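Student: coords30.cif is reproduced below (mmCIF, N, CA and C atoms).
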data_data
loop_
_atom_site.group_PDB
_atom_site.id
_atom_site.type_symbol
_atom_site.label_atom_id
_atom_site.label_comp_id
_atom_site.auth_asym_id
_atom_site.auth_seq_id
_atom_site.Cartn_x
_atom_site.Cartn_y
_atom_site.Cartn_z
ATOM 1 N N MET N 1 41.587 40.949 114.642
ATOM 2 C CA MET N 1 42.778 40.254 115.073
ATOM 3 C C MET N 1 44.022 40.852 114.420
ATOM 4 N N TYR N 2 43.919 41.105 113.102
ATOM 5 C CA TYR N 2 45.070 41.681 112.412
ATOM 6 C C TYR N 2 45.392 43.085 112.911
ATOM 7 N N ARG N 3 44.326 43.787 113.291
ATOM 8 C CA ARG N 3 44.542 45.132 113.812
ATOM 9 C C ARG N 3 45.384 45.111 115.078
ATOM 10 N N SER N 4 45.128 44.203 115.979
ATOM 11 C CA SER N 4 45.880 44.137 117.225
ATOM 12 C C SER N 4 47.332 43.725 116.968
ATOM 13 N N LEU N 5 47.562 42.846 115.984
ATOM 14 C CA LEU N 5 48.933 42.471 115.639
ATOM 15 C C LEU N 5 49.693 43.644 115.029
ATOM 16 N N ILE N 6 49.022 44.383 114.179
ATOM 17 C CA ILE N 6 49.657 45.552 113.562
ATOM 18 C C ILE N 6 49.948 46.601 114.627
ATOM 19 N N LEU N 7 49.004 46.819 115.539
ATOM 20 C CA LEU N 7 49.201 47.777 116.620
ATOM 21 C C LEU N 7 50.359 47.351 117.523
ATOM 22 N N ALA N 8 50.426 46.076 117.846
ATOM 23 C CA ALA N 8 51.519 45.571 118.686
ATOM 24 C C ALA N 8 52.862 45.736 117.978
ATOM 25 N N GLY N 9 52.893 45.469 116.689
ATOM 26 C CA GLY N 9 54.129 45.643 115.916
ATOM 27 C C GLY N 9 54.565 47.097 115.882
ATOM 28 N N ALA N 10 53.606 47.998 115.744
ATOM 29 C CA ALA N 10 53.928 49.428 115.718
ATOM 30 C C ALA N 10 54.473 49.886 117.069
ATOM 31 N N VAL N 11 53.913 49.366 118.158
ATOM 32 C CA VAL N 11 54.385 49.731 119.496
ATOM 33 C C VAL N 11 55.816 49.232 119.704
ATOM 34 N N VAL N 12 56.092 48.005 119.294
ATOM 35 C CA VAL N 12 57.445 47.458 119.438
ATOM 36 C C VAL N 12 58.432 48.255 118.594
ATOM 37 N N LEU N 13 58.057 48.595 117.384
ATOM 38 C CA LEU N 13 58.923 49.377 116.507
ATOM 39 C C LEU N 13 59.196 50.753 117.103
ATOM 40 N N ALA N 14 58.187 51.392 117.655
ATOM 41 C CA ALA N 14 58.370 52.713 118.260
ATOM 42 C C ALA N 14 59.259 52.634 119.494
ATOM 43 N N ALA N 15 59.097 51.586 120.282
ATOM 44 C CA ALA N 15 59.907 51.441 121.492
ATOM 45 C C ALA N 15 61.379 51.219 121.152
ATOM 46 N N THR N 16 61.661 50.447 120.130
ATOM 47 C CA THR N 16 63.058 50.207 119.764
ATOM 48 C C THR N 16 63.677 51.427 119.104
ATOM 49 N N ALA N 17 62.888 52.236 118.455
ATOM 50 C CA ALA N 17 63.415 53.444 117.814
ATOM 51 C C ALA N 17 63.818 54.481 118.851
ATOM 52 N N CYS N 18 63.195 54.449 120.025
ATOM 53 C CA CYS N 18 63.500 55.420 121.072
ATOM 54 C C CYS N 18 64.687 55.028 121.931
ATOM 55 N N SER N 19 65.126 53.788 121.844
ATOM 56 C CA SER N 19 66.245 53.368 122.688
ATOM 57 C C SER N 19 67.509 54.077 122.247
ATOM 58 N N SER N 20 68.337 54.418 123.230
ATOM 59 C CA SER N 20 69.551 55.156 122.913
ATOM 60 C C SER N 20 70.636 54.211 122.421
ATOM 61 N N ALA N 21 71.486 54.720 121.583
ATOM 62 C CA ALA N 21 72.609 53.940 121.068
ATOM 63 C C ALA N 21 73.674 53.820 122.147
ATOM 64 N N PRO N 22 74.409 52.725 122.173
ATOM 65 C CA PRO N 22 75.475 52.607 123.175
ATOM 66 C C PRO N 22 76.537 53.679 122.968
ATOM 67 N N ILE N 23 77.168 54.073 124.064
ATOM 68 C CA ILE N 23 78.206 55.095 124.002
ATOM 69 C C ILE N 23 79.427 54.517 123.299
ATOM 70 N N ALA N 24 79.883 55.196 122.294
ATOM 71 C CA ALA N 24 81.092 54.770 121.595
ATOM 72 C C ALA N 24 82.294 55.002 122.499
ATOM 73 N N GLY N 25 83.396 54.390 122.173
ATOM 74 C CA GLY N 25 84.607 54.578 122.962
ATOM 75 C C GLY N 25 84.929 56.053 123.124
ATOM 76 N N ILE N 26 85.258 56.455 124.319
ATOM 77 C CA ILE N 26 85.552 57.855 124.600
ATOM 78 C C ILE N 26 86.991 58.129 124.199
ATOM 79 N N GLN N 27 87.173 59.084 123.308
ATOM 80 C CA GLN N 27 88.491 59.419 122.796
ATOM 81 C C GLN N 27 88.849 60.853 123.181
ATOM 82 N N PRO N 28 90.123 61.121 123.423
ATOM 83 C CA PRO N 28 90.533 62.493 123.716
ATOM 84 C C PRO N 28 90.389 63.378 122.482
ATOM 85 N N ILE N 29 90.173 64.651 122.710
ATOM 86 C CA ILE N 29 89.969 65.586 121.608
ATOM 87 C C ILE N 29 91.179 65.630 120.680
ATOM 88 N N ASP N 30 92.394 65.663 121.246
ATOM 89 C CA ASP N 30 93.587 65.739 120.407
ATOM 90 C C ASP N 30 94.103 64.363 119.993
ATOM 91 N N GLY N 31 93.403 63.289 120.404
ATOM 92 C CA GLY N 31 93.782 61.946 119.992
ATOM 93 C C GLY N 31 94.817 61.270 120.860
ATOM 94 N N VAL N 32 95.339 61.954 121.876
ATOM 95 C CA VAL N 32 96.415 61.404 122.695
ATOM 96 C C VAL N 32 96.141 61.665 124.176
ATOM 97 N N VAL N 33 96.319 60.646 125.014
ATOM 98 C CA VAL N 33 96.295 60.821 126.460
ATOM 99 C C VAL N 33 97.750 60.850 126.902
ATOM 100 N N SER N 34 98.181 61.976 127.462
ATOM 101 C CA SER N 34 99.594 62.161 127.775
ATOM 102 C C SER N 34 100.050 61.353 128.985
ATOM 103 N N GLY N 35 99.129 61.039 129.904
ATOM 104 C CA GLY N 35 99.514 60.333 131.108
ATOM 105 C C GLY N 35 99.921 61.255 132.232
ATOM 106 N N GLN N 36 99.817 62.566 132.034
ATOM 107 C CA GLN N 36 100.123 63.562 133.062
ATOM 108 C C GLN N 36 98.802 64.198 133.483
ATOM 109 N N CYS N 37 98.312 63.844 134.658
ATOM 110 C CA CYS N 37 97.001 64.284 135.141
ATOM 111 C C CYS N 37 96.944 65.804 135.331
ATOM 112 N N HIS N 38 95.829 66.403 134.890
ATOM 113 C CA HIS N 38 95.534 67.821 135.093
ATOM 114 C C HIS N 38 94.045 67.936 135.375
ATOM 115 N N THR N 39 93.662 68.485 136.516
ATOM 116 C CA THR N 39 92.247 68.576 136.865
ATOM 117 C C THR N 39 91.557 69.831 136.343
ATOM 118 N N ASP N 40 92.303 70.772 135.789
ATOM 119 C CA ASP N 40 91.688 72.030 135.360
ATOM 120 C C ASP N 40 90.626 71.832 134.280
ATOM 121 N N MET N 41 90.715 70.785 133.485
ATOM 122 C CA MET N 41 89.750 70.541 132.411
ATOM 123 C C MET N 41 88.539 69.725 132.876
ATOM 124 N N VAL N 42 88.535 69.229 134.110
ATOM 125 C CA VAL N 42 87.449 68.362 134.563
ATOM 126 C C VAL N 42 86.744 68.870 135.820
ATOM 127 N N LEU N 43 87.032 70.073 136.251
ATOM 128 C CA LEU N 43 86.396 70.600 137.458
ATOM 129 C C LEU N 43 84.884 70.711 137.298
ATOM 130 N N GLY N 44 84.407 70.826 136.087
ATOM 131 C CA GLY N 44 82.969 70.894 135.828
ATOM 132 C C GLY N 44 82.251 69.593 136.127
ATOM 133 N N ALA N 45 82.983 68.500 136.320
ATOM 134 C CA ALA N 45 82.351 67.220 136.641
ATOM 135 C C ALA N 45 81.881 67.164 138.088
ATOM 136 N N ALA N 46 82.363 68.071 138.933
ATOM 137 C CA ALA N 46 81.931 68.089 140.332
ATOM 138 C C ALA N 46 80.427 68.340 140.387
ATOM 139 N N GLY N 47 79.732 67.490 141.123
ATOM 140 C CA GLY N 47 78.286 67.586 141.229
ATOM 141 C C GLY N 47 77.542 66.629 140.319
ATOM 142 N N LEU N 48 78.209 66.121 139.288
ATOM 143 C CA LEU N 48 77.574 65.161 138.390
ATOM 144 C C LEU N 48 77.553 63.774 139.030
ATOM 145 N N ALA N 49 76.667 62.917 138.547
ATOM 146 C CA ALA N 49 76.625 61.534 139.017
ATOM 147 C C ALA N 49 77.866 60.807 138.520
ATOM 148 N N ALA N 50 78.427 59.968 139.370
ATOM 149 C CA ALA N 50 79.654 59.239 139.032
ATOM 150 C C ALA N 50 79.331 57.963 138.267
ATOM 151 N N SER N 51 78.680 58.106 137.126
ATOM 152 C CA SER N 51 78.376 56.953 136.284
ATOM 153 C C SER N 51 79.661 56.496 135.600
ATOM 154 N N PRO N 52 79.709 55.262 135.129
ATOM 155 C CA PRO N 52 80.917 54.797 134.432
ATOM 156 C C PRO N 52 81.310 55.694 133.255
ATOM 157 N N ALA N 53 80.339 56.197 132.514
ATOM 158 C CA ALA N 53 80.645 57.067 131.377
ATOM 159 C C ALA N 53 81.240 58.397 131.833
ATOM 160 N N THR N 54 80.711 58.977 132.906
ATOM 161 C CA THR N 54 81.232 60.244 133.414
ATOM 162 C C THR N 54 82.642 60.074 133.964
ATOM 163 N N VAL N 55 82.879 58.984 134.695
ATOM 164 C CA VAL N 55 84.206 58.710 135.254
ATOM 165 C C VAL N 55 85.229 58.530 134.133
ATOM 166 N N GLU N 56 84.870 57.785 133.097
ATOM 167 C CA GLU N 56 85.797 57.567 131.977
ATOM 168 C C GLU N 56 86.050 58.860 131.212
ATOM 169 N N ARG N 57 85.008 59.665 131.015
ATOM 170 C CA ARG N 57 85.178 60.954 130.322
ATOM 171 C C ARG N 57 86.114 61.857 131.121
ATOM 172 N N ALA N 58 85.983 61.866 132.449
ATOM 173 C CA ALA N 58 86.857 62.680 133.294
ATOM 174 C C ALA N 58 88.297 62.187 133.204
ATOM 175 N N ARG N 59 88.490 60.869 133.163
ATOM 176 C CA ARG N 59 89.840 60.319 133.047
ATOM 177 C C ARG N 59 90.490 60.772 131.747
ATOM 178 N N VAL N 60 89.770 60.660 130.659
ATOM 179 C CA VAL N 60 90.317 61.047 129.356
ATOM 180 C C VAL N 60 90.573 62.544 129.293
ATOM 181 N N ASP N 61 89.609 63.343 129.749
ATOM 182 C CA ASP N 61 89.765 64.801 129.686
ATOM 183 C C ASP N 61 90.877 65.316 130.590
ATOM 184 N N SER N 62 91.198 64.576 131.651
ATOM 185 C CA SER N 62 92.285 64.995 132.547
ATOM 186 C C SER N 62 93.639 64.483 132.079
ATOM 187 N N ASP N 63 93.679 63.761 130.980
ATOM 188 C CA ASP N 63 94.903 63.172 130.422
ATOM 189 C C ASP N 63 95.521 62.118 131.342
ATOM 190 N N SER N 64 94.702 61.455 132.139
ATOM 191 C CA SER N 64 95.193 60.442 133.074
ATOM 192 C C SER N 64 95.127 59.051 132.453
ATOM 193 N N LEU N 65 96.077 58.223 132.819
ATOM 194 C CA LEU N 65 96.073 56.835 132.358
ATOM 195 C C LEU N 65 95.169 55.961 133.217
ATOM 196 N N HIS N 66 95.018 56.327 134.490
ATOM 197 C CA HIS N 66 94.237 55.532 135.434
ATOM 198 C C HIS N 66 93.254 56.428 136.164
ATOM 199 N N VAL N 67 92.176 55.818 136.664
ATOM 200 C CA VAL N 67 91.195 56.547 137.469
ATOM 201 C C VAL N 67 90.830 55.701 138.677
ATOM 202 N N GLN N 68 90.611 56.378 139.789
ATOM 203 C CA GLN N 68 90.231 55.710 141.023
ATOM 204 C C GLN N 68 89.079 56.497 141.628
ATOM 205 N N THR N 69 88.012 55.803 142.021
ATOM 206 C CA THR N 69 86.919 56.468 142.718
ATOM 207 C C THR N 69 86.994 56.117 144.196
ATOM 208 N N VAL N 70 86.787 57.120 145.019
ATOM 209 C CA VAL N 70 86.859 56.961 146.468
ATOM 210 C C VAL N 70 85.540 57.423 147.051
ATOM 211 N N ARG N 71 84.885 56.565 147.812
ATOM 212 C CA ARG N 71 83.617 56.924 148.465
ATOM 213 C C ARG N 71 83.905 57.663 149.763
ATOM 214 N N ASP N 72 83.222 58.774 149.946
ATOM 215 C CA ASP N 72 83.311 59.491 151.212
ATOM 216 C C ASP N 72 81.985 60.171 151.483
ATOM 217 N N GLY N 73 81.691 60.402 152.734
ATOM 218 C CA GLY N 73 80.410 60.979 153.101
ATOM 219 C C GLY N 73 80.441 62.473 153.289
ATOM 220 N N THR N 74 81.607 63.082 153.220
ATOM 221 C CA THR N 74 81.701 64.520 153.464
ATOM 222 C C THR N 74 82.170 65.236 152.213
ATOM 223 N N ARG N 75 81.780 66.471 152.114
ATOM 224 C CA ARG N 75 82.208 67.293 150.983
ATOM 225 C C ARG N 75 83.675 67.669 151.191
ATOM 226 N N GLN N 76 84.481 67.496 150.160
ATOM 227 C CA GLN N 76 85.906 67.777 150.239
ATOM 228 C C GLN N 76 86.153 69.279 150.087
ATOM 229 N N PRO N 77 87.184 69.805 150.715
ATOM 230 C CA PRO N 77 87.525 71.218 150.524
ATOM 231 C C PRO N 77 88.029 71.457 149.101
ATOM 232 N N ALA N 78 88.180 72.705 148.753
ATOM 233 C CA ALA N 78 88.690 73.046 147.424
ATOM 234 C C ALA N 78 90.012 72.338 147.171
ATOM 235 N N THR N 79 90.219 71.928 145.934
ATOM 236 C CA THR N 79 91.419 71.191 145.575
ATOM 237 C C THR N 79 92.647 72.069 145.752
ATOM 238 N N PRO N 80 93.623 71.644 146.571
ATOM 239 C CA PRO N 80 94.845 72.438 146.721
ATOM 240 C C PRO N 80 95.652 72.446 145.433
ATOM 241 N N ALA N 81 96.466 73.467 145.272
ATOM 242 C CA ALA N 81 97.235 73.628 144.031
ATOM 243 C C ALA N 81 98.138 72.432 143.762
ATOM 244 N N SER N 82 98.667 71.805 144.797
ATOM 245 C CA SER N 82 99.590 70.686 144.596
ATOM 246 C C SER N 82 98.895 69.454 144.034
ATOM 247 N N ALA N 83 97.565 69.369 144.157
ATOM 248 C CA ALA N 83 96.849 68.193 143.677
ATOM 249 C C ALA N 83 96.168 68.424 142.335
ATOM 250 N N THR N 84 96.389 69.568 141.695
ATOM 251 C CA THR N 84 95.727 69.839 140.425
ATOM 252 C C THR N 84 96.459 69.247 139.243
ATOM 253 N N SER N 85 97.698 68.842 139.433
ATOM 254 C CA SER N 85 98.428 68.201 138.341
ATOM 255 C C SER N 85 99.493 67.290 138.922
ATOM 256 N N GLY N 86 99.910 66.355 138.085
ATOM 257 C CA GLY N 86 100.963 65.433 138.485
ATOM 258 C C GLY N 86 100.473 64.005 138.584
ATOM 259 N N GLY N 87 101.347 63.089 138.284
ATOM 260 C CA GLY N 87 101.009 61.675 138.339
ATOM 261 C C GLY N 87 100.218 61.230 137.130
ATOM 262 N N ASP N 88 99.904 59.956 137.094
ATOM 263 C CA ASP N 88 99.154 59.426 135.953
ATOM 264 C C ASP N 88 97.764 58.946 136.347
ATOM 265 N N ARG N 89 97.325 59.261 137.595
ATOM 266 C CA ARG N 89 96.031 58.786 138.076
ATOM 267 C C ARG N 89 95.149 59.948 138.520
ATOM 268 N N LEU N 90 93.891 59.893 138.118
ATOM 269 C CA LEU N 90 92.871 60.832 138.570
ATOM 270 C C LEU N 90 92.094 60.153 139.692
ATOM 271 N N THR N 91 91.968 60.827 140.836
ATOM 272 C CA THR N 91 91.183 60.315 141.953
ATOM 273 C C THR N 91 89.895 61.124 142.036
ATOM 274 N N ILE N 92 88.775 60.421 141.978
ATOM 275 C CA ILE N 92 87.467 61.065 142.025
ATOM 276 C C ILE N 92 86.806 60.708 143.345
ATOM 277 N N HIS N 93 86.482 61.724 144.144
ATOM 278 C CA HIS N 93 85.785 61.515 145.418
ATOM 279 C C HIS N 93 84.286 61.559 145.156
ATOM 280 N N VAL N 94 83.577 60.558 145.680
ATOM 281 C CA VAL N 94 82.146 60.411 145.436
ATOM 282 C C VAL N 94 81.415 60.418 146.773
ATOM 283 N N GLY N 95 80.363 61.224 146.877
ATOM 284 C CA GLY N 95 79.577 61.333 148.103
ATOM 285 C C GLY N 95 78.526 60.251 148.227
ATOM 286 N N ARG N 96 77.699 60.385 149.257
ATOM 287 C CA ARG N 96 76.681 59.367 149.556
ATOM 288 C C ARG N 96 75.666 59.195 148.446
ATOM 289 N N ASN N 97 75.317 60.238 147.750
ATOM 290 C CA ASN N 97 74.302 60.157 146.702
ATOM 291 C C ASN N 97 74.911 59.899 145.325
ATOM 292 N N ASN N 98 76.134 59.383 145.280
ATOM 293 C CA ASN N 98 76.858 59.033 144.056
ATOM 294 C C ASN N 98 77.230 60.257 143.221
ATOM 295 N N ALA N 99 77.251 61.423 143.838
ATOM 296 C CA ALA N 99 77.662 62.640 143.132
ATOM 297 C C ALA N 99 79.166 62.859 143.355
ATOM 298 N N ILE N 100 79.831 63.345 142.324
ATOM 299 C CA ILE N 100 81.256 63.650 142.417
ATOM 300 C C ILE N 100 81.422 64.879 143.305
ATOM 301 N N THR N 101 82.240 64.748 144.360
ATOM 302 C CA THR N 101 82.448 65.868 145.284
ATOM 303 C C THR N 101 83.787 66.554 145.073
ATOM 304 N N ALA N 102 84.789 65.836 144.568
ATOM 305 C CA ALA N 102 86.106 66.441 144.353
ATOM 306 C C ALA N 102 86.889 65.594 143.356
ATOM 307 N N LEU N 103 87.834 66.246 142.678
ATOM 308 C CA LEU N 103 88.722 65.579 141.724
ATOM 309 C C LEU N 103 90.144 65.981 142.053
ATOM 310 N N ARG N 104 91.030 65.007 142.132
ATOM 311 C CA ARG N 104 92.439 65.260 142.474
ATOM 312 C C ARG N 104 93.332 64.389 141.615
ATOM 313 N N CYS N 105 94.548 64.830 141.432
ATOM 314 C CA CYS N 105 95.549 64.010 140.772
ATOM 315 C C CYS N 105 96.323 63.245 141.837
ATOM 316 N N GLY N 106 96.665 62.042 141.533
ATOM 317 C CA GLY N 106 97.459 61.226 142.450
ATOM 318 C C GLY N 106 96.644 60.218 143.200
#
So, in terms of structure tokens, how does the structure I just supplied come out?

Tutor:
Amino acid sequence: MYRSLILAGAVVLAATACSSAPIAGIQPIDGVVSGQCHTDMVLGAAGLAASPATVERARVDSDSLHVQTVRDGTRQPATPASATSGGDRLTIHVGRNNAITALRCG
């Protein structure tokens, strides 16, 4: 009987040790978000899943104050030069499978 209790305790301890720690607040590398959106630092997010952590990381890395996700079923064309910077909002286009298809400012 004691063996099964010890085994159960060891399994519970091992399971809790494997759980991941919650993501700490995402902070910009230089400590400041300027509020002027720039997509050049977040183009690598295209193709990633649009999880809340990925969306927030993209917002911070683009120096945007706000982020907006837009669902669309088609792949967006390459980002035009006029949409790579400007404004305080990052717009993330998300496809049917929840993958980021495009990132734009404004």

Student: Please list, as a list in words, the residues that have an atom at most 8 Å away from (75.2, 67.7, 141.8) in the coordinates of this file, counting only C-alpha atoms.

Tutor: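 Result, sorted by chain then residue number: Ala46, Gly47, Leu48, Ala49, Ala99 and Ile100 of chain N.
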
Student: In terms of the shortest atom-to-atom distance over only C-alpha atoms, which of N:Val42, N:Val70, N:Cys105, N:Val55 is closest to N:Ser85?

Tutor: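 For N:Ser85, the nearest of the given residues is N:Cys105.
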
Student: Let me make sure I understand: among N:Thr101, N:Gly106, N:Arg71, N:Ala45, which one has the smallest atom-to-atom distance to N:Gly86 if we use only N, CA and C atoms?

Tutor: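 For N:Gly86, the nearest of the candidates is N:Gly106.
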
Student: Of the candidates N:Leu90, N:Asn98, N:Gln68, N:Arg104, which shows the shortest atom-to-atom distance to N:Ser51, using only N, CA and C atoms?

Tutor: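 Of N:Leu90, N:Asn98, N:Gln68, N:Arg104, the one nearest N:Ser51, counting only N, CA and C atoms, is N:Asn98.
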
Student: Check what the PyMOL selection byres ((chain N and resi 63-66) around 7) selects in the file above and give those residues as an mmCIF file with N, CA and C atoms, keeping the file's coordinate frame.

Tutor:
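Result file is selection.cif:
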data_model
loop_
_atom_site.group_PDB
_atom_site.id
_atom_site.type_symbol
_atom_site.label_atom_id
_atom_site.label_comp_id
_atom_site.auth_asym_id
_atom_site.auth_seq_id
_atom_site.Cartn_x
_atom_site.Cartn_y
_atom_site.Cartn_z
ATOM 1 N N VAL N 32 95.339 61.954 121.876
ATOM 2 C CA VAL N 32 96.415 61.404 122.695
ATOM 3 C C VAL N 32 96.141 61.665 124.176
ATOM 4 N N VAL N 33 96.319 60.646 125.014
ATOM 5 C CA VAL N 33 96.295 60.821 126.460
ATOM 6 C C VAL N 33 97.750 60.850 126.902
ATOM 7 N N SER N 34 98.181 61.976 127.462
ATOM 8 C CA SER N 34 99.594 62.161 127.775
ATOM 9 C C SER N 34 100.050 61.353 128.985
ATOM 10 N N GLY N 35 99.129 61.039 129.904
ATOM 11 C CA GLY N 35 99.514 60.333 131.108
ATOM 12 C C GLY N 35 99.921 61.255 132.232
ATOM 13 N N GLN N 36 99.817 62.566 132.034
ATOM 14 C CA GLN N 36 100.123 63.562 133.062
ATOM 15 C C GLN N 36 98.802 64.198 133.483
ATOM 16 N N CYS N 37 98.312 63.844 134.658
ATOM 17 C CA CYS N 37 97.001 64.284 135.141
ATOM 18 C C CYS N 37 96.944 65.804 135.331
ATOM 19 N N HIS N 38 95.829 66.403 134.890
ATOM 20 C CA HIS N 38 95.534 67.821 135.093
ATOM 21 C C HIS N 38 94.045 67.936 135.375
ATOM 22 N N ALA N 58 85.983 61.866 132.449
ATOM 23 C CA ALA N 58 86.857 62.680 133.294
ATOM 24 C C ALA N 58 88.297 62.187 133.204
ATOM 25 N N ARG N 59 88.490 60.869 133.163
ATOM 26 C CA ARG N 59 89.840 60.319 133.047
ATOM 27 C C ARG N 59 90.490 60.772 131.747
ATOM 28 N N VAL N 60 89.770 60.660 130.659
ATOM 29 C CA VAL N 60 90.317 61.047 129.356
ATOM 30 C C VAL N 60 90.573 62.544 129.293
ATOM 31 N N ASP N 61 89.609 63.343 129.749
ATOM 32 C CA ASP N 61 89.765 64.801 129.686
ATOM 33 C C ASP N 61 90.877 65.316 130.590
ATOM 34 N N SER N 62 91.198 64.576 131.651
ATOM 35 C CA SER N 62 92.285 64.995 132.547
ATOM 36 C C SER N 62 93.639 64.483 132.079
ATOM 37 N N VAL N 67 92.176 55.818 136.664
ATOM 38 C CA VAL N 67 91.195 56.547 137.469
ATOM 39 C C VAL N 67 90.830 55.701 138.677
ATOM 40 N N GLN N 68 90.611 56.378 139.789
ATOM 41 C CA GLN N 68 90.231 55.710 141.023
ATOM 42 C C GLN N 68 89.079 56.497 141.628
ATOM 43 N N GLY N 87 101.347 63.089 138.284
ATOM 44 C CA GLY N 87 101.009 61.675 138.339
ATOM 45 C C GLY N 87 100.218 61.230 137.130
ATOM 46 N N ASP N 88 99.904 59.956 137.094
ATOM 47 C CA ASP N 88 99.154 59.426 135.953
ATOM 48 C C ASP N 88 97.764 58.946 136.347
ATOM 49 N N ARG N 89 97.325 59.261 137.595
ATOM 50 C CA ARG N 89 96.031 58.786 138.076
ATOM 51 C C ARG N 89 95.149 59.948 138.520
ATOM 52 N N LEU N 90 93.891 59.893 138.118
ATOM 53 C CA LEU N 90 92.871 60.832 138.570
ATOM 54 C C LEU N 90 92.094 60.153 139.692
ATOM 55 N N THR N 91 91.968 60.827 140.836
ATOM 56 C CA THR N 91 91.183 60.315 141.953
ATOM 57 C C THR N 91 89.895 61.124 142.036
#

Student: Quick check, in Å to one decimal: how far apart do atom CA of N:Met41 and atom C of N:Gly95 lie?

Tutor: 22.0 Å

Student: Taking every listed atom of stretch 95-105 of chain N and adding 3 Å to each side, what centre and edge lengths in Å (one decimal) does the axis-aligned box have, as AutoDock Vina command-line options?

Tutor:
--center_x 85.3 --center_y 62.8 --center_z 145.2 --size_x 28.0 --size_y 13.5 --size_z 14.8

Student: Report, in Å with one decimal, the straight-line distance from atom C of N:Ala50 to atom N of N:Arg96.

Tutor: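 Result for atom C of N:Ala50 versus atom N of N:Arg96: 11.4 Å, one decimal.
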